[in-house]
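Content type compact mmCIF, C-alpha atoms and all ligand atoms, from the file query_8.txt:
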```
# COMPACT_ATOMS: atom_id res chain seq x y z
CA MET A 265 26.62 25.31 14.04
CA LYS A 266 25.95 22.56 16.59
CA THR A 267 22.49 22.70 18.17
CA ASP A 268 21.60 21.10 21.54
CA ASN A 269 19.66 18.38 19.82
CA GLN A 270 22.16 17.62 17.09
CA LYS A 271 22.90 13.91 16.64
CA THR A 272 26.15 12.70 15.10
CA VAL A 273 25.71 9.38 13.31
CA ILE A 274 28.79 7.27 12.55
CA PRO A 275 28.51 5.11 9.41
CA LEU A 276 28.22 1.38 10.07
CA LYS A 277 31.30 -0.75 9.50
CA LYS A 278 29.60 -4.00 10.56
CA PRO A 279 26.21 -5.63 9.93
CA LEU A 280 23.01 -5.15 11.92
CA LYS A 281 22.22 -8.36 13.82
CA GLY A 282 19.58 -9.33 16.36
CA THR A 283 15.94 -9.28 17.39
CA ILE A 284 14.04 -6.10 18.26
CA GLU A 285 10.57 -4.71 18.88
CA VAL A 286 9.28 -1.33 17.72
CA PRO A 287 6.73 0.89 19.53
CA ALA A 288 3.02 0.27 19.12
CA ASP A 289 1.26 1.38 15.97
CA LYS A 290 0.64 5.11 16.15
CA SER A 291 -2.54 5.09 14.03
CA ILE A 292 -4.15 2.32 16.08
CA SER A 293 -3.05 3.89 19.39
CA HIS A 294 -4.78 7.21 18.54
CA ARG A 295 -7.95 5.36 17.57
CA ALA A 296 -7.91 3.02 20.59
CA ALA A 297 -7.76 6.02 22.95
CA MET A 298 -10.42 8.08 21.12
CA PHE A 299 -12.84 5.21 20.51
CA GLY A 300 -12.27 4.01 24.07
CA ALA A 301 -13.44 7.45 25.23
CA LEU A 302 -16.56 7.04 23.06
CA THR A 303 -17.62 3.83 24.81
CA ALA A 304 -19.91 3.91 27.79
CA GLY A 305 -17.47 2.10 30.08
CA SER A 306 -13.80 1.84 30.74
CA ILE A 307 -11.45 0.20 28.29
CA SER A 308 -7.97 -1.25 28.73
CA ILE A 309 -5.35 -0.71 26.05
CA GLY A 310 -2.26 -2.94 26.01
CA ASN A 311 0.98 -1.74 24.37
CA PHE A 312 -0.05 1.90 23.76
CA SER A 313 2.42 3.92 21.63
CA SER A 314 5.29 5.63 23.48
CA GLY A 315 5.37 8.45 20.90
CA ALA A 316 4.56 12.11 21.65
CA ASP A 317 1.77 12.18 19.01
CA CYS A 318 -0.31 9.62 20.88
CA LYS A 319 0.38 11.48 24.14
CA SER A 320 -1.16 14.52 22.40
CA THR A 321 -4.33 12.50 21.83
CA LEU A 322 -4.37 11.43 25.49
CA SER A 323 -3.90 14.98 26.69
CA VAL A 324 -6.69 16.33 24.43
CA LEU A 325 -8.99 13.63 25.86
CA GLN A 326 -7.89 14.54 29.40
CA GLN A 327 -8.60 18.22 28.68
CA LEU A 328 -12.13 17.06 27.79
CA GLY A 329 -12.52 15.31 31.15
CA VAL A 330 -11.59 11.74 30.14
CA GLU A 331 -9.72 9.75 32.80
CA VAL A 332 -6.49 8.15 31.60
CA GLU A 333 -4.83 5.75 34.02
CA PHE A 334 -1.31 4.43 33.34
CA LEU A 335 -1.07 0.87 34.72
CA SER A 336 2.51 0.82 33.38
CA ASP A 337 4.44 2.70 30.71
CA ARG A 338 2.49 1.16 27.87
CA ASN A 339 -0.68 -0.22 29.44
CA ILE A 340 -3.46 2.26 30.04
CA VAL A 341 -7.12 2.41 30.96
CA ILE A 342 -9.45 4.99 29.38
CA ASN A 343 -12.59 5.90 31.28
CA ASN A 344 -15.15 8.41 30.04
CA LYS A 345 -18.22 7.10 31.87
CA SER A 346 -19.44 10.60 32.69
CA GLY A 347 -18.98 11.92 29.13
CA PHE A 348 -16.93 14.68 27.49
CA LYS A 349 -16.93 18.04 29.29
CA GLU A 350 -16.56 21.50 27.80
CA THR A 351 -13.26 23.22 28.49
CA GLU A 352 -12.36 26.87 28.13
CA LYS A 353 -8.79 25.91 27.31
CA VAL A 354 -7.67 25.49 23.70
CA LEU A 355 -7.21 21.77 22.94
CA TYR A 356 -3.61 21.18 21.86
CA ALA A 357 -2.86 18.45 19.28
CA GLY A 358 0.88 19.19 19.09
CA ASN A 359 2.41 17.84 15.83
CA SER A 360 -0.37 15.29 15.28
CA GLY A 361 -2.57 15.46 12.17
CA THR A 362 -4.45 12.35 13.26
CA THR A 363 -5.37 13.95 16.60
CA ILE A 364 -6.72 17.21 15.17
CA ARG A 365 -8.57 15.67 12.21
CA LEU A 366 -10.18 12.75 14.03
CA MET A 367 -11.04 14.82 17.10
CA SER A 368 -12.74 17.40 14.83
CA GLY A 369 -15.16 14.66 13.72
CA ILE A 370 -15.91 13.79 17.36
CA LEU A 371 -16.18 17.40 18.59
CA ALA A 372 -18.55 18.40 15.77
CA GLY A 373 -21.34 16.25 17.24
CA THR A 374 -21.00 17.21 20.93
CA ASP A 375 -23.27 19.70 22.71
CA PHE A 376 -20.50 22.20 23.52
CA SER A 377 -17.96 24.46 21.87
CA SER A 378 -14.25 23.84 21.57
CA VAL A 379 -11.14 25.14 19.85
CA ILE A 380 -8.37 22.80 18.73
CA THR A 381 -4.92 23.72 17.45
CA GLY A 382 -1.37 22.40 17.14
CA ASP A 383 2.28 23.29 16.69
CA GLU A 384 3.91 25.36 13.94
CA SER A 385 3.97 22.39 11.52
CA LEU A 386 0.36 21.34 12.18
CA LYS A 387 -0.91 24.91 11.73
CA LYS A 388 0.45 24.85 8.16
CA ARG A 389 -1.32 21.61 7.18
CA PRO A 390 -4.58 21.53 5.17
CA MET A 391 -7.76 21.25 7.23
CA ALA A 392 -10.38 22.09 4.54
CA ARG A 393 -10.39 18.40 3.66
CA VAL A 394 -12.17 17.67 6.97
CA ILE A 395 -13.88 21.02 7.55
CA ASN A 396 -15.81 21.00 4.23
CA PRO A 397 -17.44 17.57 4.59
CA LEU A 398 -18.17 18.23 8.28
CA LYS A 399 -19.97 21.46 7.27
CA LEU A 400 -22.07 19.43 4.81
CA MET A 401 -23.08 17.25 7.78
CA GLY A 402 -24.32 20.42 9.53
CA ALA A 403 -21.23 21.10 11.64
CA ILE A 404 -20.62 24.67 12.79
CA ILE A 405 -16.91 25.22 12.23
CA THR A 406 -14.59 28.10 11.50
CA ALA A 407 -10.84 28.05 11.08
CA GLU A 408 -7.91 30.29 10.16
CA CYS A 409 -7.14 31.32 6.56
CA ASP A 410 -10.67 31.01 5.16
CA ASP A 411 -11.43 27.82 7.08
CA THR A 412 -8.36 25.94 5.85
CA ARG A 413 -5.89 25.97 8.76
CA ALA A 414 -5.82 25.34 12.53
CA PRO A 415 -6.84 26.66 15.02
CA ILE A 416 -10.28 25.18 14.34
CA ALA A 417 -13.28 26.46 16.36
CA ILE A 418 -16.15 23.99 16.59
CA LYS A 419 -19.63 24.61 18.03
CA GLY A 420 -21.03 21.15 18.65
CA THR A 421 -24.43 20.50 17.08
CA LYS A 422 -26.74 17.77 15.72
CA LEU A 423 -25.26 16.24 12.57
CA SER A 424 -26.85 14.47 9.61
CA GLY A 425 -25.33 11.72 7.47
CA ILE A 426 -23.94 12.52 4.02
CA VAL A 427 -22.57 10.68 1.02
CA HIS A 428 -19.03 11.97 0.52
CA ASN A 429 -16.83 11.20 -2.48
CA SER A 430 -13.34 12.05 -1.28
CA GLN A 431 -10.87 13.27 -3.92
CA ILE A 432 -7.97 11.90 -1.89
CA ALA A 433 -7.26 8.54 -0.28
CA SER A 434 -6.82 9.75 3.30
CA ALA A 435 -7.51 7.70 6.40
CA GLN A 436 -7.66 10.87 8.48
CA VAL A 437 -10.42 12.35 6.29
CA LYS A 438 -12.29 9.03 6.15
CA SER A 439 -12.01 8.54 9.92
CA CYS A 440 -13.10 12.10 10.73
CA ILE A 441 -16.29 11.64 8.68
CA LEU A 442 -16.95 8.16 10.10
CA LEU A 443 -16.59 9.49 13.66
CA ALA A 444 -19.00 12.32 12.88
CA GLY A 445 -21.28 9.72 11.25
CA LEU A 446 -21.22 7.60 14.40
CA ASN A 447 -23.16 10.41 16.06
CA ALA A 448 -25.22 11.66 13.07
CA GLU A 449 -28.81 11.09 12.06
CA GLY A 450 -29.19 8.70 9.13
CA LYS A 451 -26.51 6.94 7.16
CA THR A 452 -23.04 8.35 6.36
CA VAL A 453 -21.16 7.02 3.35
CA ILE A 454 -17.59 7.80 2.34
CA ARG A 455 -15.97 6.68 -0.89
CA GLU A 456 -12.22 7.00 -1.61
CA PRO A 457 -10.35 6.83 -4.94
CA PHE A 458 -8.03 4.17 -3.47
CA ARG A 459 -8.30 2.41 -0.15
CA SER A 460 -6.46 4.14 2.70
CA ARG A 461 -5.54 2.42 5.98
CA ASP A 462 -8.64 0.85 7.52
CA HIS A 463 -7.86 0.73 11.27
CA THR A 464 -10.91 2.89 12.01
CA GLU A 465 -13.27 0.51 10.24
CA ARG A 466 -11.75 -2.53 11.95
CA LEU A 467 -11.71 -1.05 15.45
CA LEU A 468 -15.21 0.45 15.20
CA ASP A 469 -16.48 -2.94 14.04
CA TYR A 470 -14.64 -4.64 16.95
CA LEU A 471 -16.35 -2.20 19.37
CA GLY A 472 -19.81 -2.96 17.95
CA ALA A 473 -20.51 -0.02 15.58
CA ASP A 474 -22.99 -0.40 12.72
CA ILE A 475 -20.39 -0.17 9.95
CA GLU A 476 -20.09 -1.83 6.54
CA VAL A 477 -17.15 -1.89 4.14
CA GLU A 478 -17.52 -2.57 0.43
CA ASP A 479 -14.38 -2.08 -1.68
CA ASN A 480 -13.43 1.63 -1.37
CA LYS A 481 -16.75 2.58 0.25
CA VAL A 482 -17.60 2.65 3.97
CA LYS A 483 -21.10 3.12 5.44
CA ILE A 484 -21.82 3.93 9.07
CA ARG A 485 -24.98 4.58 11.10
CA GLN A 486 -25.39 6.17 14.51
CA SER A 487 -24.20 3.59 17.03
CA LYS A 488 -23.19 3.12 20.66
CA LEU A 489 -19.76 1.56 21.14
CA ILE A 490 -19.34 -1.34 23.54
CA PRO A 491 -16.06 -1.50 25.52
CA GLY A 492 -13.64 -4.37 24.87
CA PRO A 493 -9.94 -4.80 25.62
CA ILE A 494 -7.56 -3.61 22.90
CA SER A 495 -4.01 -4.76 22.32
CA ILE A 496 -1.87 -2.88 19.80
CA PRO A 497 0.81 -4.41 17.54
CA GLY A 498 4.13 -2.77 16.69
CA ASP A 499 4.10 -0.03 14.05
CA ILE A 500 5.11 -1.18 10.56
CA SER A 501 5.95 2.46 9.76
CA SER A 502 8.60 2.34 12.52
CA ALA A 503 9.72 -1.15 11.46
CA ALA A 504 10.27 0.28 7.95
CA PHE A 505 13.51 2.05 9.03
CA PHE A 506 14.95 -1.30 10.16
CA ILE A 507 13.64 -3.15 7.09
CA VAL A 508 15.47 -0.69 4.84
CA ALA A 509 18.63 -0.48 6.98
CA ALA A 510 19.05 -4.27 7.19
CA SER A 511 18.42 -4.53 3.42
CA ILE A 512 21.19 -2.06 2.53
CA ILE A 513 23.90 -2.73 5.18
CA PRO A 514 25.92 -5.76 3.96
CA ASP A 515 25.55 -9.06 5.87
CA SER A 516 22.76 -7.78 8.13
CA GLU A 517 20.12 -10.16 9.46
CA ILE A 518 17.43 -9.02 11.90
CA ILE A 519 14.01 -10.02 13.22
CA ILE A 520 11.38 -7.42 14.15
CA LYS A 521 8.84 -8.99 16.51
CA ASN A 522 5.12 -8.33 16.80
CA VAL A 523 4.55 -5.94 13.88
CA GLY A 524 1.10 -4.96 12.54
CA LEU A 525 0.59 -6.46 9.06
CA ASN A 526 -2.73 -4.92 8.07
CA PRO A 527 -2.74 -5.19 4.23
CA THR A 528 -3.53 -1.46 3.90
CA ARG A 529 -0.12 -0.81 5.54
CA THR A 530 2.18 -3.50 4.09
CA GLY A 531 3.11 -1.65 0.89
CA ILE A 532 6.65 -1.28 2.31
CA ILE A 533 7.07 -5.08 2.33
CA ASP A 534 5.62 -5.45 -1.18
CA VAL A 535 7.84 -2.79 -2.77
CA MET A 536 10.99 -3.90 -0.94
CA LEU A 537 10.35 -7.46 -2.18
CA GLU A 538 9.87 -6.08 -5.69
CA MET A 539 13.20 -4.26 -5.32
CA GLY A 540 14.82 -7.61 -4.47
CA ALA A 541 14.84 -7.47 -0.65
CA ASP A 542 15.06 -10.68 1.41
CA ILE A 543 12.07 -10.40 3.76
CA THR A 544 10.10 -13.24 5.38
CA VAL A 545 7.01 -12.94 7.57
CA LEU A 546 7.01 -15.42 10.48
CA ASP A 547 4.26 -16.50 12.87
CA GLN A 548 1.42 -14.50 11.28
CA ARG A 549 -1.60 -14.22 13.59
CA SER A 550 -4.61 -11.98 14.28
CA GLU A 551 -5.24 -9.73 17.31
CA CYS A 552 -8.26 -7.43 17.86
CA GLY A 553 -9.13 -7.61 14.16
CA GLU A 554 -5.59 -6.76 12.95
CA GLU A 555 -3.00 -9.07 11.33
CA VAL A 556 0.27 -9.32 13.28
CA GLY A 557 3.57 -11.17 12.69
CA ASP A 558 7.35 -11.13 13.00
CA ILE A 559 9.46 -9.83 10.10
CA LYS A 560 12.85 -11.32 9.22
CA VAL A 561 15.09 -9.18 6.99
CA LYS A 562 18.46 -10.11 5.46
CA TYR A 563 20.78 -7.92 3.40
CA ALA A 564 20.16 -8.21 -0.38
CA GLY A 565 21.12 -6.36 -3.54
CA LEU A 566 18.26 -4.02 -4.57
CA LYS A 567 17.04 -2.74 -7.94
CA GLY A 568 15.01 0.36 -8.85
CA ILE A 569 11.23 0.17 -9.41
CA THR A 570 8.25 2.47 -10.09
CA ILE A 571 5.78 3.27 -7.31
CA GLY A 572 2.44 5.04 -7.93
CA LYS A 573 -1.39 4.96 -7.80
CA GLU A 574 -3.03 2.56 -5.33
CA MET A 575 0.34 1.56 -3.83
CA VAL A 576 0.89 5.12 -2.54
CA PRO A 577 -1.68 5.10 0.32
CA ARG A 578 -0.32 1.68 1.41
CA LEU A 579 3.15 3.16 2.07
CA ILE A 580 2.64 6.92 2.21
CA ASP A 581 4.58 7.29 5.49
CA GLU A 582 7.38 4.98 4.32
CA LEU A 583 8.30 6.92 1.16
CA PRO A 584 11.08 8.96 2.84
CA VAL A 585 12.92 5.78 3.90
CA ILE A 586 12.12 4.04 0.61
CA ALA A 587 14.01 6.94 -0.99
CA ILE A 588 17.08 5.90 1.05
CA ALA A 589 16.69 2.30 -0.19
CA ALA A 590 16.44 3.64 -3.75
CA THR A 591 19.82 5.40 -3.46
CA GLN A 592 21.32 1.96 -2.74
CA ALA A 593 19.42 0.18 -5.56
CA ASP A 594 20.77 -0.37 -9.07
CA GLY A 595 18.81 1.55 -11.71
CA THR A 596 16.03 4.11 -11.48
CA THR A 597 13.31 4.35 -8.84
CA ILE A 598 10.34 6.55 -9.73
CA VAL A 599 7.83 7.67 -7.12
CA LYS A 600 4.80 9.31 -8.77
CA GLU A 601 1.17 10.22 -7.96
CA ALA A 602 2.30 10.93 -4.40
CA GLU A 603 1.42 14.68 -4.11
CA GLU A 604 -0.01 13.92 -0.65
CA LEU A 605 3.61 13.76 0.56
CA ARG A 606 3.67 17.55 0.28
CA HIS A 607 1.03 17.81 3.05
CA LYS A 608 2.71 15.80 5.80
CA GLU A 609 4.66 17.07 8.84
CA SER A 610 6.90 18.70 6.21
CA ASP A 611 6.65 18.90 2.41
CA ARG A 612 8.33 15.51 2.18
CA ILE A 613 8.96 15.66 -1.58
CA LYS A 614 10.96 18.84 -1.06
CA THR A 615 12.67 17.85 2.18
CA ILE A 616 13.73 14.36 1.02
CA CYS A 617 15.21 15.84 -2.17
CA LEU A 618 17.04 18.63 -0.31
CA GLU A 619 18.60 16.35 2.30
CA LEU A 620 19.51 13.47 -0.03
CA LYS A 621 21.23 15.89 -2.41
CA LYS A 622 23.45 17.05 0.48
CA LEU A 623 24.55 13.42 0.90
CA GLY A 624 25.41 13.12 -2.79
CA ALA A 625 22.36 11.15 -4.00
CA ASP A 626 21.15 11.48 -7.58
CA ILE A 627 17.55 12.63 -6.93
CA GLU A 628 15.25 14.85 -9.00
CA GLU A 629 12.14 16.49 -7.58
CA ALA A 630 8.83 16.13 -9.52
CA VAL A 631 5.48 17.78 -8.77
CA ASP A 632 4.04 14.49 -7.54
CA GLY A 633 7.13 12.59 -6.37
CA PHE A 634 10.80 12.09 -7.21
CA VAL A 635 13.18 10.09 -9.39
CA ILE A 636 16.31 8.49 -7.91
CA SER A 637 19.14 6.93 -9.89
CA GLY A 638 21.37 4.47 -8.07
CA LYS A 639 23.42 2.97 -6.78
CA THR A 640 25.29 5.91 -5.20
CA GLN A 641 27.83 5.84 -2.38
CA LEU A 642 26.37 8.46 -0.02
CA ARG A 643 29.17 10.83 1.05
CA GLY A 644 28.20 11.97 4.51
CA ASN A 645 30.31 14.71 6.09
CA CYS A 646 27.37 17.14 6.13
CA VAL A 647 24.63 18.52 8.39
CA LEU A 648 21.06 17.38 7.70
CA GLU A 649 17.86 19.17 8.76
CA THR A 650 14.66 17.52 10.06
CA TYR A 651 11.93 20.17 9.45
CA HIS A 652 9.77 19.27 12.51
CA ASP A 653 9.33 15.87 10.83
CA HIS A 654 10.04 12.62 12.69
CA ARG A 655 10.16 10.51 9.54
CA ILE A 656 12.67 12.81 7.87
CA ALA A 657 14.83 12.60 11.03
CA MET A 658 14.74 8.78 11.10
CA SER A 659 15.32 8.49 7.32
CA ALA A 660 18.33 10.80 7.68
CA TYR A 661 19.72 8.45 10.36
CA VAL A 662 19.38 5.39 8.07
CA ALA A 663 21.05 7.29 5.21
CA ALA A 664 23.87 8.27 7.59
CA LEU A 665 24.47 4.63 8.59
CA ALA A 666 25.07 3.83 4.90
CA SER A 667 27.32 6.87 4.27
CA LEU A 668 31.08 7.07 3.95
CA LYS A 669 31.68 9.77 6.60
CA PRO A 670 29.79 10.82 9.76
CA VAL A 671 26.61 12.88 9.40
CA ARG A 672 25.21 15.41 11.84
CA ILE A 673 21.42 15.62 12.10
CA ASN A 674 19.88 18.79 13.56
CA GLU A 675 16.83 18.74 15.84
CA PHE A 676 16.99 14.97 16.07
CA GLN A 677 14.51 15.10 18.98
CA TRP A 678 11.68 15.06 16.41
CA VAL A 679 12.03 11.23 16.41
CA ASN A 680 10.19 11.38 19.76
CA ILE A 681 6.94 12.03 17.88
CA SER A 682 6.61 8.33 17.05
CA PHE A 683 9.72 6.52 18.31
CA PRO A 684 11.61 7.94 21.32
CA GLU A 685 13.75 4.76 21.60
CA PHE A 686 14.77 4.86 17.90
CA ALA A 687 18.54 5.39 18.22
CA ASP A 688 18.82 2.99 21.21
CA VAL A 689 17.11 0.21 19.25
CA PHE A 690 19.47 0.78 16.33
CA GLU A 691 22.46 0.74 18.67
CA SER A 692 21.27 -2.56 20.19
CA LEU A 693 21.52 -4.16 16.72
CA GLN A 694 25.15 -3.08 16.45
CA ASN A 695 26.15 -4.80 19.66
CA GLN A 696 24.63 -8.25 19.15
C1 LIG B 701 -2.81 8.44 9.36
C2 LIG B 701 -3.12 8.58 8.04
C3 LIG B 701 -2.17 9.07 7.03
C4 LIG B 701 -0.75 8.99 7.55
C5 LIG B 701 -0.61 9.51 8.93
C6 LIG B 701 -1.47 8.70 9.89
C7 LIG B 701 -3.85 7.96 10.28
O1 LIG B 701 -2.46 10.42 6.75
O2 LIG B 701 0.11 9.69 6.68
O3 LIG B 701 0.73 9.43 9.36
O4 LIG B 701 -3.54 7.57 11.41
O5 LIG B 701 -5.01 7.97 9.87
P1 LIG B 701 -3.57 10.85 5.66
O6 LIG B 701 -4.86 10.37 6.12
O7 LIG B 701 -3.51 12.35 5.63
O8 LIG B 701 -3.11 10.24 4.38
```
Structure rendered as structure tokens:
Amino acid sequence: MKTDNQKTVIPLKKPLKGTIEVPADKSISHRAAMFGALTAGSISIGNFSSGADCKSTLSVLQQLGVEVEFLSDRNIVINNKSGFKETEKVLYAGNSGTTIRLMSGILAGTDFSSVITGDESLKKRPMARVINPLKLMGAIITAECDDTRAPIAIKGTKLSGIVHNSQIASAQVKSCILLAGLNAEGKTVIREPFRSRDHTERLLDYLGADIEVEDNKVKIRQSKLIPGPISIPGDISSAAFFIVAASIIPDSEIIIKNVGLNPTRTGIIDVMLEMGADITVLDQRSECGEEVGDIKVKYAGLKGITIGKEMVPRLIDELPVIAIAATQADGTTIVKEAEELRHKESDRIKTICLELKKLGADIEEAVDGFVISGKTQLRGNCVLETYHDHRIAMSAYVAALASLKPVRINEFQWVNISFPEFADVFESLQNQ
């Protein structure tokens, strides 16, 4: 059955060529808007993400009385000089885990009550990972299903610092606790088993917070943030779809301009290089405490590798598209110790395996990952599902480009969560 939002993707018969840009980093955009609202002045943000997730953060802030001015599509000013205001309306985080988890850390230390929720996918995702440590800080919180699922009701109160040893490497958990710690009495310390993305630490430091990082441990004390202009690089997680596509479509050669290269996010480049990809970073520079550069990718023959442990947090969002690369690599690719994939917008271990099998890939599901044997000619001529998950939708598109026959992708509009221009940017590389 054809749905309104079904996309038909025709396999590529010619290489991808040209120079593109991808939307601003989603993780940094969320943080820039939220931390901007925590400063005492107004703050300008250049190149804010065009994705729906970051719009969810802006609309939650607006519901709380923050002024958001659009100077242009991607340049905004955040002004919360008069402070957050209580609202009777339920705050709506849409599909965005970063919005609900980080905002919970902020809301816990206010002097008013709020309720925050999200869409069908977000309401299924685990929230105990932020609710439990926040309760230890003194937060007054209740949530659905024994305090594990959204909606989350928060009665703002005075918080105290804690020392938290997180069982998982999660930037959302770490950031939630750090944001609560920013407004708590005493010192807050969070330790992770492996280092997750550190945009929160870098941006809080840039805005003057009393924060210290030592290996996998971060310490924060109550601090006032000082406004400063923020400019956001392109999202390496969005660039990943082009890195993989250009690596597997013969004779391709592309440049992706202005991409964030924070080392906690560049696992995709490291593993693709290990698989044999031809990737070069050009013009590396630093902006607002984040590394930035241009990425050149040329087609190359790939080979299978094993991915696990500390590499996983450095490419957690890229694993669906790495699975597509693995189908086009000689030998076996093993992804292990990646159970966290089951807690994303969809259970990505399950959904990647289901959809790749439809295309004819040799993929086996494991509890904590998957095993792919390649190289396989993907068949196409099937209908793929997207499961409310933007990264599954975009990975399906890349797989379709490398297939033998056309592929139909249902509910393709989920790409709008992080990359509304996704298909147009791909099409531009076919016409250069
Ligand atoms: C994010 C952290 C990661 C990532 C998500 C964005 C962030 O989630 O998967 O897309 O902006 O902090 P976890 O913290 O749950 O690993």
### Task
For each of A:Arg643, A:Lys419, A:Arg295, A:Lys488, take the minimum atom-to-atom distance to ligand LIG 701 (chain B), counting all atoms listed in the file, then give the residue where this is smallest.
A:Arg295
### Message
When you look at A:Leu328 with a cut-off of 12 Å (counting all atoms listed in the file), what residues show up, excluding the ones that are within fewer than 5 positions of it in the same chain? I need them as a PyMOL selection string.
### Response
chain A and resi 298+301-302+321-323+343-344+346-356+367+370-371+374+376-380
### Query
Within 8 Å of (-26.6, 17.5, 10.9), in the coordinates the file gives, what residues turn up when you count only C-alpha atoms, written out as number ranges by chain?
A: 400-403, 421-425, 448-449
#### Entry: Selected residue, from A:Pro491, A:Gly373, A:Gly382, A:Pro577, that lies nearest to ligand LIG 701 (chain B) when counting all atoms listed in the file
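Smallest distance to ligand LIG 701 (chain B) is found for A:Pro577.
Interatomic distance, atom CA of A:Leu566 to atom CA of A:Thr530: 18.3 Å.
Atom CA of A:Ala541 lies 26.2 Å from atom CA of A:Leu618.
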Using only the atoms of ligand LIG 701 (chain B) listed in the file, plus 5 Å on each side, state the axis-aligned box centre and edge lengths in Å rounded to one decimal, as lines of an AutoDock Vina configuration file.
```
center_x = -2.1
center_y = 10.0
center_z = 7.9
size_x = 15.7
size_y = 14.8
size_z = 17.0
```
### Query
Contacts of A:Ser291 at 12 Å or less, counting only C-alpha atoms, minus same-chain residues fewer than 6 places along, as a PyMOL selection string?
chain A and resi 297-298+312-313+315+317-318+321+360-363+366+435-436+439+461-464+467+496-502+524+526+529+581+682
#### Entry: Nearest candidate to ligand LIG 701 (chain B) (options A:Asp594, A:Glu619, A:Glu465, A:Glu629; using only C-alpha atoms and all ligand atoms)
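Looking at the shortest contact to ligand LIG 701 (chain B), the residue is A:Glu465.
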### Message
Need to verify the contact set: stretch 475-487 of chain A, 10 Å, all atoms listed in the file, exclusion of same-chain residues closer than 5 positions in sequence. Can you return it as JSON, numbers by chain?
### Response
{"A": [424, 425, 426, 427, 428, 429, 433, 438, 441, 442, 443, 444, 445, 446, 447, 448, 449, 450, 451, 452, 453, 454, 455, 456, 457, 458, 459, 460, 462, 465, 466, 468, 469]}
#### Entry: Separation of atom CA of A:Met658 from atom CA of A:Ser637 in Å
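If I compute the distance from atom CA of A:Ser637 to atom CA of A:Met658, I get 21.5 Å.
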### Distance criterion (all atoms listed in the file): nearest to ligand LIG 701 (chain B) out of A:Ile342, A:Ala657, A:Cys440, A:Ala593
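Answer, going by the shortest atom-to-atom distance: A:Cys440.
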#### Entry: Residue neighbourhood A:Ile507, 12 Å, all atoms listed in the file, exclusion window fewer than 3 positions, as a ChimeraX atom specification
/A:280,284,286,500-504,510-513,516-520,523,530,532-537,541-545,558-564,582,585-586,588-589,659,662,690
### Task
Considering all atoms listed in the file, return as a PyMOL selection string whatever protein or nucleic-acid residues lie within 6 Å of A:Ile490, sequence-local ones (same chain, fewer than 6 positions apart) excluded.
chain A and resi 303+471-472
#### Entry: Minimum-distance residue to ligand LIG 701 (chain B), chosen among A:Glu628, A:Glu554, A:Asp289, A:Asp268 (using all atoms listed in the file)
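Once distances to ligand LIG 701 (chain B) are computed over all atoms listed in the file, the minimum belongs to A:Asp289.
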### Task
Give the answer as one residue: which of A:Val508, A:Val635, A:Ala417, A:Leu605 has the shortest atom-to-atom distance to A:Arg389, using only C-alpha atoms?
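Using only C-alpha atoms, the shortest distance to A:Arg389 belongs to A:Leu605.
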